[in-house]
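Asker: Structure file entry_18.csv (CSV, C-alpha atoms) is given on the next line.
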```csv
chain,number,residue,atom,x,y,z
A,1,MET,CA,26.4,82.3,41.8
A,2,THR,CA,27.2,84.3,44.9
A,3,ILE,CA,26.4,82.7,48.2
A,4,ASN,CA,25.4,85.4,50.7
A,5,THR,CA,23.7,83.3,53.5
A,6,ALA,CA,23.7,79.7,54.5
A,7,ARG,CA,22.4,78.1,57.6
A,8,PHE,CA,21.7,74.6,59.0
A,9,ILE,CA,18.0,73.7,59.0
A,10,ILE,CA,17.7,70.0,59.9
A,11,GLY,CA,19.4,66.7,60.1
A,12,ALA,CA,17.0,64.2,58.7
A,13,ALA,CA,17.4,60.5,59.6
A,14,GLN,CA,14.1,59.4,58.1
A,15,TRP,CA,12.1,60.2,54.9
A,16,GLN,CA,9.3,61.8,56.9
A,17,GLN,CA,11.8,64.4,58.3
A,18,LEU,CA,12.8,65.8,54.9
A,19,PRO,CA,11.7,69.4,54.4
A,20,THR,CA,8.3,69.8,52.8
A,21,ASP,CA,8.6,73.4,51.6
A,22,GLY,CA,9.5,72.4,48.0
A,23,ARG,CA,12.7,74.4,47.7
A,24,PRO,CA,15.2,73.0,45.2
A,25,GLU,CA,17.9,70.7,46.6
A,26,MET,CA,21.5,70.1,45.6
A,27,ALA,CA,22.8,66.9,47.0
A,28,PHE,CA,26.5,66.3,47.8
A,29,ILE,CA,27.3,62.6,48.0
A,30,GLY,CA,30.5,60.5,48.3
A,31,ARG,CA,32.2,57.9,50.3
A,32,SER,CA,33.1,58.6,53.9
A,33,ASN,CA,35.9,61.1,54.5
A,34,VAL,CA,35.9,62.3,50.9
A,35,GLY,CA,35.6,65.9,52.1
A,36,LYS,CA,31.9,66.8,51.6
A,37,SER,CA,31.6,68.8,54.8
A,38,SER,CA,34.8,70.7,54.1
A,39,LEU,CA,33.7,71.5,50.5
A,40,LEU,CA,30.3,72.7,51.7
A,41,ASN,CA,32.0,75.0,54.3
A,42,ALA,CA,34.4,76.4,51.6
A,43,LEU,CA,31.6,76.9,49.0
A,44,THR,CA,29.5,78.9,51.5
A,45,GLY,CA,32.4,80.7,53.1
A,46,GLN,CA,31.5,79.5,56.5
A,47,LYS,CA,34.2,77.5,58.4
A,48,ASN,CA,31.8,75.7,60.8
A,49,LEU,CA,28.6,75.4,58.8
A,50,ALA,CA,29.0,71.6,58.2
A,51,TYR,CA,30.7,69.6,60.9
A,52,THR,CA,34.0,68.2,59.8
A,53,SER,CA,35.8,65.3,61.4
A,54,LYS,CA,38.9,63.2,60.8
A,55,ARG,CA,36.8,60.3,61.8
A,56,PRO,CA,35.0,58.8,58.8
A,57,GLY,CA,31.3,58.3,59.0
A,58,LYS,CA,30.6,61.4,61.2
A,59,THR,CA,27.7,62.6,59.0
A,60,GLN,CA,24.9,60.1,59.8
A,61,GLU,CA,21.9,62.2,58.6
A,62,PHE,CA,20.8,64.1,55.6
A,63,ASN,CA,22.0,67.6,56.7
A,64,TYR,CA,20.1,70.4,55.1
A,65,PHE,CA,21.6,73.9,54.7
A,66,LEU,CA,19.4,76.7,53.4
A,67,VAL,CA,21.4,78.9,51.0
A,68,ASN,CA,20.3,82.4,50.1
A,69,ASP,CA,16.8,81.5,51.5
A,70,ARG,CA,16.3,80.0,48.0
A,71,PHE,CA,17.6,76.4,47.9
A,72,TYR,CA,19.1,73.6,50.0
A,73,MET,CA,22.6,72.1,49.9
A,74,VAL,CA,22.3,68.6,51.3
A,75,ASP,CA,25.2,66.8,52.9
A,76,VAL,CA,24.4,63.1,52.4
A,77,PRO,CA,25.8,60.5,54.7
A,78,GLY,CA,29.0,59.0,53.4
A,79,TYR,CA,28.7,55.5,51.9
A,80,GLY,CA,30.8,52.5,52.5
A,81,TYR,CA,32.1,53.2,56.0
A,82,ALA,CA,33.0,49.9,57.6
A,83,ARG,CA,32.8,50.9,61.3
A,84,VAL,CA,29.1,51.3,61.4
A,85,SER,CA,26.9,48.2,61.6
A,86,LYS,CA,25.9,46.2,58.5
A,87,LYS,CA,22.3,46.9,59.3
A,88,LYS,CA,23.0,50.7,59.5
A,89,ARG,CA,24.9,50.7,56.2
A,90,LYS,CA,22.0,48.8,54.5
A,91,ALA,CA,19.5,51.3,55.9
A,92,TRP,CA,21.6,54.3,54.7
A,93,ALA,CA,21.9,52.7,51.2
A,94,ALA,CA,18.1,52.2,51.0
A,95,PHE,CA,17.5,55.8,52.1
A,96,ILE,CA,20.0,57.2,49.7
A,97,GLU,CA,18.7,55.2,46.8
A,98,ARG,CA,15.1,56.3,47.5
A,99,TYR,CA,16.3,59.9,47.8
A,100,LEU,CA,18.1,59.8,44.5
A,101,THR,CA,15.2,58.3,42.6
A,102,GLU,CA,12.1,59.7,44.3
A,103,ARG,CA,12.9,63.1,45.8
A,104,VAL,CA,10.9,65.6,43.7
A,105,PRO,CA,12.8,68.9,44.7
A,106,LEU,CA,16.2,67.3,43.9
A,107,ARG,CA,17.8,69.3,41.1
A,108,ALA,CA,21.3,67.9,40.9
A,109,VAL,CA,23.7,65.4,42.5
A,110,PHE,CA,27.3,66.3,43.1
A,111,HIS,CA,29.3,63.1,43.5
A,112,LEU,CA,32.6,63.7,45.3
A,113,MET,CA,35.6,61.4,45.0
A,114,ASP,CA,39.0,61.7,46.6
A,115,SER,CA,41.5,62.4,43.8
A,116,ARG,CA,44.2,60.6,45.8
A,117,HIS,CA,42.5,57.2,45.8
A,118,PRO,CA,41.3,54.9,43.0
A,119,LEU,CA,37.6,54.5,42.4
A,120,THR,CA,36.0,52.0,44.8
A,121,ASP,CA,33.3,49.6,43.7
A,122,LEU,CA,30.8,51.8,45.5
A,123,ASP,CA,31.9,54.8,43.4
A,124,ARG,CA,31.5,52.8,40.3
A,125,GLU,CA,28.1,51.6,41.4
A,126,LEU,CA,26.9,55.1,42.0
A,127,ILE,CA,28.2,56.2,38.6
A,128,ASP,CA,26.3,53.3,37.0
A,129,PHE,CA,23.2,54.1,39.1
A,130,MET,CA,23.1,57.7,38.0
A,131,ARG,CA,23.5,56.8,34.4
A,132,GLY,CA,20.2,57.5,32.6
A,133,GLY,CA,18.6,58.8,35.7
A,134,PRO,CA,16.4,61.9,35.7
A,135,VAL,CA,18.6,64.1,37.9
A,136,PRO,CA,21.6,66.0,36.5
A,137,TYR,CA,24.9,64.6,37.8
A,138,VAL,CA,28.2,66.4,38.3
A,139,LEU,CA,31.5,64.7,39.4
A,140,ALA,CA,34.0,66.5,41.6
A,141,LEU,CA,37.4,65.3,42.4
A,142,THR,CA,38.4,66.6,45.9
A,143,LYS,CA,41.7,67.3,47.6
A,144,VAL,CA,43.6,68.0,44.3
A,145,ASP,CA,45.9,70.4,46.1
A,146,LYS,CA,47.6,67.3,47.6
A,147,LEU,CA,48.6,66.0,44.1
A,148,SER,CA,51.2,67.0,41.6
A,149,GLY,CA,50.2,68.3,38.2
A,150,ASN,CA,51.0,64.9,36.7
A,151,GLN,CA,49.0,63.0,39.4
A,152,ARG,CA,46.0,65.3,38.9
A,153,THR,CA,46.0,64.5,35.2
A,154,LYS,CA,46.2,60.8,35.9
A,155,ALA,CA,43.4,61.0,38.5
A,156,GLU,CA,41.2,62.9,36.0
A,157,GLN,CA,41.9,60.4,33.2
A,158,THR,CA,41.1,57.4,35.5
A,159,VAL,CA,37.6,58.9,36.2
A,160,ARG,CA,37.0,59.8,32.6
A,161,ARG,CA,37.8,56.2,31.6
A,162,ALA,CA,35.3,54.9,34.2
A,163,LEU,CA,32.7,57.2,32.8
A,164,ASP,CA,33.4,56.1,29.2
A,165,ASP,CA,33.1,52.5,30.3
A,166,VAL,CA,29.4,53.1,31.1
A,167,GLY,CA,28.8,55.6,28.3
A,168,LEU,CA,28.3,58.5,30.7
A,169,GLU,CA,29.2,62.1,29.8
A,170,VAL,CA,29.0,64.4,32.7
A,171,PRO,CA,30.9,67.5,34.0
A,172,LEU,CA,34.0,66.7,35.9
A,173,VAL,CA,35.4,69.4,38.2
A,174,LEU,CA,38.8,69.3,40.0
A,175,THR,CA,38.4,70.9,43.5
A,176,SER,CA,40.3,71.8,46.6
A,177,SER,CA,38.6,73.1,49.8
A,178,LYS,CA,42.0,74.5,50.8
A,179,SER,CA,43.0,76.4,47.6
A,180,LYS,CA,39.3,77.0,46.5
A,181,ARG,CA,40.2,75.4,43.1
A,182,GLY,CA,37.0,74.5,41.2
A,183,HIS,CA,34.7,76.4,43.5
A,184,HIS,CA,33.7,78.9,40.8
A,185,ASP,CA,32.9,76.0,38.4
A,186,LEU,CA,30.8,74.2,41.0
A,187,ARG,CA,28.8,77.4,41.8
A,188,THR,CA,28.3,78.0,38.1
A,189,TRP,CA,26.9,74.5,37.7
A,190,MET,CA,24.6,75.0,40.7
A,191,ASP,CA,23.3,78.2,39.3
A,192,ARG,CA,22.8,76.6,35.9
A,193,LEU,CA,21.0,73.6,37.2
A,194,LEU,CA,18.8,75.6,39.6
A,195,ASN,CA,17.6,77.7,36.7
A,196,ALA,CA,17.3,74.8,34.2
```
Could you write out this file's structure as structure tokens?
Answerer:
Amino acid sequence: MTINTARFIIGAAQWQQLPTDGRPEMAFIGRSNVGKSSLLNALTGQKNLAYTSKRPGKTQEFNYFLVNDRFYMVDVPGYGYARVSKKKRKAWAAFIERYLTERVPLRAVFHLMDSRHPLTDLDRELIDFMRGGPVPYVLALTKVDKLSGNQRTKAEQTVRRALDDVGLEVPLVLTSSKSKRGHHDLRTWMDRLLNA
């Protein structure tokens, strides 16, 4: 897949604000500061499409980006960030769960995990939640440029063991927004799932 155009459409904080045009959606989800916005910028070739911040929890809405006037890439709020209120975290969790289970145009979920850190309980919960679900699911390990070859292998093995533990077999892509590693693979999966 070649991405020719991408533009921000809306930041949706409530279900009623989600687009109603029926275009397919590709959701990018992961814990706060995992690098979702950086990856979206790198995949689309636009440095400032999605807002990036060193401060976790910056994305607080479902940010919709229209790609090639054909489908949406959706930057989902990071989960598990402790510096927002418990009430806000609970509301996000409910919104995300509803989105993952009820959103009709949703074609795929790309779950991003920071390759430098062990899986959190929330990562494991999302893996378990997606198991057996109706929406195709792809895992992407981010920031692999910051690891040695041996560390990358260990990070990949750790995630594969977690998937094996719940009997889930899904694509696993090692990525880097800096070196562009894995971006061709992600675009290939997006293209395949859009046309499935």
Asker: Please, what distance in Å, to one decimal, runs between CA of Thr5 (chain A) and CA of Phe95 (chain A)?
Answerer: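 Calculated distance between CA of Thr5 (chain A) and CA of Phe95 (chain A) is 28.2 Å.
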Asker: In Å, rounded to a single decimal, give me how far CA of Pro105 (chain A) is from CA of Tyr79 (chain A).
Answerer: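 Here the two named atoms are 22.0 Å from each other.
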Asker: Counting only C-alpha atoms, figure out which residue out of A:Ala12, A:Ala155, A:Leu168, A:Val173 gets nearest to Leu139 (chain A).
Answerer: A:Val173
Asker: Here is a test: counting all atoms listed in the file, which residue of A:Asp123, A:Met113, A:His183, A:Tyr137 is nearest to Glu156 (chain A)?
Answerer: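 Among A:Asp123, A:Met113, A:His183, A:Tyr137, it is A:Met113 that comes nearest to Glu156 (chain A).
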Asker: Restricting the calculation to all atoms listed in the file, which member of A:Met130, A:Leu49, A:Met26, A:Leu39 is positioned closest to Lys178 (chain A)?
Answerer: A:Leu39
Asker: Counting all atoms listed in the file, figure out which residue out of A:Leu119, A:Ala94, A:Val74, A:Leu163 gets nearest to Leu106 (chain A).
Answerer: A:Val74
Asker: Could you check the closest approach to Leu193 (chain A) for each of A:Ala50, A:Ala13, A:Met1, A:Ala91 and tell me which residue wins, using only C-alpha atoms?
Answerer: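 Of A:Ala50, A:Ala13, A:Met1, A:Ala91, the one nearest Leu193 (chain A), counting only C-alpha atoms, is A:Met1.
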Asker: Within 8 Å of (43.2, 67.8, 46.9) (coordinates as in the file), grab all the protein and nucleic acid residues, counting all atoms listed in the file, and write them out as a VMD selection string.
Answerer: chain A and resid 114 to 116 141 to 147 175 to 178
Asker: Skip Glu125 (chain A) itself and residues of its chain fewer than 5 positions away, then list as number ranges by chain all residues within 12 Å of it, counting only C-alpha atoms.
Answerer: A: 30-31, 79-80, 93, 97, 111, 119-120, 130-131, 162-163, 166
Asker: Let me make sure I understand: among A:Lys90, A:Arg70, A:Lys47, A:Arg103, which one has the smallest atom-to-atom distance to Leu18 (chain A) if we use all atoms listed in the file?
Answerer: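 Answer, going by the shortest atom-to-atom distance: A:Arg103.
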Asker: Taking 4 positions as the minimum chain separation for residues in the same chain, which residues sit within 12 Å of Gln14 (chain A) when counting all atoms listed in the file? Answer as a VMD selection string.
Answerer: chain A and resid 10 18 to 19 60 to 63 91 to 92 94 to 96 98 to 99
Asker: Taking 2 positions as the minimum chain separation for residues in the same chain, which residues sit within 9 Å of Thr2 (chain A) when counting all atoms listed in the file? Answer as a PyMOL selection string.
Answerer: chain A and resi 4+44+68+187
Asker: Could you name the residues that touch Ser37 (chain A) at 12 Å or less, counting only C-alpha atoms, but leaving out those on the same chain fewer than 2 positions away, as a JSON list (two decimals) with C-alpha atoms, in the coordinates of the input?
Answerer:
```json
[["chain", "number", "residue", "atom", "x", "y", "z"],
["A", 27, "ALA", "CA", 22.80, 66.90, 47.00],
["A", 28, "PHE", "CA", 26.50, 66.30, 47.80],
["A", 29, "ILE", "CA", 27.30, 62.60, 48.00],
["A", 30, "GLY", "CA", 30.50, 60.50, 48.30],
["A", 31, "ARG", "CA", 32.20, 57.90, 50.30],
["A", 32, "SER", "CA", 33.10, 58.60, 53.90],
["A", 33, "ASN", "CA", 35.90, 61.10, 54.50],
["A", 34, "VAL", "CA", 35.90, 62.30, 50.90],
["A", 35, "GLY", "CA", 35.60, 65.90, 52.10],
["A", 39, "LEU", "CA", 33.70, 71.50, 50.50],
["A", 40, "LEU", "CA", 30.30, 72.70, 51.70],
["A", 41, "ASN", "CA", 32.00, 75.00, 54.30],
["A", 42, "ALA", "CA", 34.40, 76.40, 51.60],
["A", 43, "LEU", "CA", 31.60, 76.90, 49.00],
["A", 44, "THR", "CA", 29.50, 78.90, 51.50],
["A", 46, "GLN", "CA", 31.50, 79.50, 56.50],
["A", 47, "LYS", "CA", 34.20, 77.50, 58.40],
["A", 48, "ASN", "CA", 31.80, 75.70, 60.80],
["A", 49, "LEU", "CA", 28.60, 75.40, 58.80],
["A", 50, "ALA", "CA", 29.00, 71.60, 58.20],
["A", 51, "TYR", "CA", 30.70, 69.60, 60.90],
["A", 52, "THR", "CA", 34.00, 68.20, 59.80],
["A", 53, "SER", "CA", 35.80, 65.30, 61.40],
["A", 54, "LYS", "CA", 38.90, 63.20, 60.80],
["A", 56, "PRO", "CA", 35.00, 58.80, 58.80],
["A", 57, "GLY", "CA", 31.30, 58.30, 59.00],
["A", 58, "LYS", "CA", 30.60, 61.40, 61.20],
["A", 59, "THR", "CA", 27.70, 62.60, 59.00],
["A", 62, "PHE", "CA", 20.80, 64.10, 55.60],
["A", 63, "ASN", "CA", 22.00, 67.60, 56.70],
["A", 64, "TYR", "CA", 20.10, 70.40, 55.10],
["A", 65, "PHE", "CA", 21.60, 73.90, 54.70],
["A", 73, "MET", "CA", 22.60, 72.10, 49.90],
["A", 74, "VAL", "CA", 22.30, 68.60, 51.30],
["A", 75, "ASP", "CA", 25.20, 66.80, 52.90],
["A", 76, "VAL", "CA", 24.40, 63.10, 52.40],
["A", 77, "PRO", "CA", 25.80, 60.50, 54.70],
["A", 78, "GLY", "CA", 29.00, 59.00, 53.40],
["A", 112, "LEU", "CA", 32.60, 63.70, 45.30],
["A", 142, "THR", "CA", 38.40, 66.60, 45.90],
["A", 177, "SER", "CA", 38.60, 73.10, 49.80]]
```
Asker: For Leu66 (chain A), find every residue with an atom within 6 Å (counting only C-alpha atoms), except residues of its own chain fewer than 2 positions away, and show them as a list in words.
Answerer: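 With the cut-off at 6 Å, the set is Ala6, Arg7, Asp69, Phe71 and Tyr72 of chain A.
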Asker: So the first atom is CA of Asn195 (chain A) and the second is CA of Gly22 (chain A); what is the distance between them in Å, to one decimal place?
Answerer: 14.9 Å
